[in-house]
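Novice: Below is one structure. I have some questions about it.
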Amino acid sequence: MKIITAIASILIIIGALNWGLYGISKIDIVESLFGGWKNKIGRIIYLLIGIAGLYSLLYVIFA
């Protein structure tokens with residue numbers, strides 16, 4: 001479980017930095033690197049970040 005929690009934490013940090021940069025300067029790192037919603041890989045990355053957030057939320061609630 002430590003590995004999954006570490007991966008989830010890394011994905012959440014990436015997502016938070018992405019949203020922070022987007023809020024400051026409208027730069028979307030995921031879109032720039034992977035094509036965002038237009039590309040399958042970009043959608044997978046957004047999905048993984050969302051799943052990581054949900055996992056972390058459940059981990060905090062039930063731990």
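By convention here, the chains of the structure tokens are called A, B, ... in the order presented, each chain's residues are numbered starting at 1, and ligands are numbered starting at 1 in the order presented.
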Using only C-alpha atoms, determine which residues lie at most 10 Å from Phe34 in chain A, disregarding the query and same-chain residues fewer than 5 positions distant; provide the list as a PDB file with all heavy atoms, in the first residue's frame.

Specialist:
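The new file out.pdb reads:
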ATOM      1  N   ILE A  29       0.164  22.066 -18.343  1.00  0.00           N
ATOM      2  CA  ILE A  29       1.327  21.208 -18.600  1.00  0.00           C
ATOM      3  C   ILE A  29       0.899  19.900 -19.274  1.00  0.00           C
ATOM      4  O   ILE A  29       1.545  19.453 -20.217  1.00  0.00           O
ATOM      5  CB  ILE A  29       2.090  20.909 -17.292  1.00  0.00           C
ATOM      6  CG1 ILE A  29       2.615  22.205 -16.684  1.00  0.00           C
ATOM      7  CG2 ILE A  29       3.210  19.924 -17.524  1.00  0.00           C
ATOM      8  CD1 ILE A  29       3.637  22.918 -17.509  1.00  0.00           C
ATOM      9  N   ASN A  39      -5.937  14.042 -26.972  1.00  0.00           N
ATOM     10  CA  ASN A  39      -5.092  12.867 -27.130  1.00  0.00           C
ATOM     11  C   ASN A  39      -5.451  11.829 -26.070  1.00  0.00           C
ATOM     12  O   ASN A  39      -5.768  12.174 -24.933  1.00  0.00           O
ATOM     13  CB  ASN A  39      -3.621  13.277 -26.983  1.00  0.00           C
ATOM     14  CG  ASN A  39      -2.673  12.192 -27.402  1.00  0.00           C
ATOM     15  OD1 ASN A  39      -3.049  11.043 -27.585  1.00  0.00           O
ATOM     16  ND2 ASN A  39      -1.418  12.564 -27.532  1.00  0.00           N
ATOM     17  N   LYS A  40      -5.404  10.573 -26.438  1.00  0.00           N
ATOM     18  CA  LYS A  40      -5.759   9.496 -25.516  1.00  0.00           C
ATOM     19  C   LYS A  40      -4.841   9.476 -24.292  1.00  0.00           C
ATOM     20  O   LYS A  40      -5.298   9.273 -23.163  1.00  0.00           O
ATOM     21  CB  LYS A  40      -5.675   8.159 -26.253  1.00  0.00           C
ATOM     22  CG  LYS A  40      -6.342   7.030 -25.557  1.00  0.00           C
ATOM     23  CD  LYS A  40      -6.321   5.791 -26.447  1.00  0.00           C
ATOM     24  CE  LYS A  40      -7.493   4.917 -26.112  1.00  0.00           C
ATOM     25  NZ  LYS A  40      -7.581   3.776 -27.011  1.00  0.00           N
ATOM     26  N   ILE A  41      -3.544   9.708 -24.492  1.00  0.00           N
ATOM     27  CA  ILE A  41      -2.600   9.704 -23.366  1.00  0.00           C
ATOM     28  C   ILE A  41      -2.917  10.832 -22.388  1.00  0.00           C
ATOM     29  O   ILE A  41      -2.871  10.645 -21.180  1.00  0.00           O
ATOM     30  CB  ILE A  41      -1.148   9.796 -23.877  1.00  0.00           C
ATOM     31  CG1 ILE A  41      -0.801   8.553 -24.685  1.00  0.00           C
ATOM     32  CG2 ILE A  41      -0.172   9.973 -22.730  1.00  0.00           C
ATOM     33  CD1 ILE A  41       0.527   8.617 -25.384  1.00  0.00           C
ATOM     34  N   GLY A  42      -3.256  12.003 -22.907  1.00  0.00           N
ATOM     35  CA  GLY A  42      -3.635  13.122 -22.045  1.00  0.00           C
ATOM     36  C   GLY A  42      -4.856  12.803 -21.202  1.00  0.00           C
ATOM     37  O   GLY A  42      -4.901  13.103 -20.016  1.00  0.00           O
ATOM     38  N   ARG A  43      -5.850  12.176 -21.830  1.00  0.00           N
ATOM     39  CA  ARG A  43      -7.049  11.782 -21.077  1.00  0.00           C
ATOM     40  C   ARG A  43      -6.727  10.767 -19.999  1.00  0.00           C
ATOM     41  O   ARG A  43      -7.272  10.824 -18.891  1.00  0.00           O
ATOM     42  CB  ARG A  43      -8.107  11.216 -22.019  1.00  0.00           C
ATOM     43  CG  ARG A  43      -8.857  12.323 -22.745  1.00  0.00           C
ATOM     44  CD  ARG A  43      -9.919  11.731 -23.596  1.00  0.00           C
ATOM     45  NE  ARG A  43      -9.213  11.178 -24.773  1.00  0.00           N
ATOM     46  CZ  ARG A  43      -9.795  10.745 -25.849  1.00  0.00           C
ATOM     47  NH1 ARG A  43     -11.092  10.725 -25.925  1.00  0.00           N
ATOM     48  NH2 ARG A  43      -9.100  10.308 -26.861  1.00  0.00           N
ATOM     49  N   ILE A  44      -5.826   9.840 -20.306  1.00  0.00           N
ATOM     50  CA  ILE A  44      -5.434   8.836 -19.310  1.00  0.00           C
ATOM     51  C   ILE A  44      -4.739   9.508 -18.129  1.00  0.00           C
ATOM     52  O   ILE A  44      -4.993   9.156 -16.970  1.00  0.00           O
ATOM     53  CB  ILE A  44      -4.539   7.752 -19.961  1.00  0.00           C
ATOM     54  CG1 ILE A  44      -5.382   6.894 -20.903  1.00  0.00           C
ATOM     55  CG2 ILE A  44      -3.858   6.893 -18.907  1.00  0.00           C
ATOM     56  CD1 ILE A  44      -4.570   5.959 -21.790  1.00  0.00           C
ATOM     57  N   ILE A  45      -3.883  10.484 -18.403  1.00  0.00           N
ATOM     58  CA  ILE A  45      -3.185  11.178 -17.329  1.00  0.00           C
ATOM     59  C   ILE A  45      -4.169  11.947 -16.461  1.00  0.00           C
ATOM     60  O   ILE A  45      -4.107  11.892 -15.232  1.00  0.00           O
ATOM     61  CB  ILE A  45      -2.073  12.084 -17.888  1.00  0.00           C
ATOM     62  CG1 ILE A  45      -0.975  11.196 -18.443  1.00  0.00           C
ATOM     63  CG2 ILE A  45      -1.540  13.035 -16.819  1.00  0.00           C
ATOM     64  CD1 ILE A  45       0.181  11.871 -19.054  1.00  0.00           C
TER      65      ILE A  45
END

Novice: Could you list, as a ChimeraX atom specification, every residue within 12 Å of Val60 in chain A, counting only C-alpha atoms and ignoring same-chain residues fewer than 6 positions away?

Specialist: /A:5,53-54

Novice: For each of A:Ile51, A:Asn18, A:Tyr59, A:Ile3, take the minimum atom-to-atom distance to Ser32 in chain A, counting only C-alpha atoms, then give the residue where this is smallest.

Specialist: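 Result for the nearest residue to Ser32 in chain A: A:Asn18.
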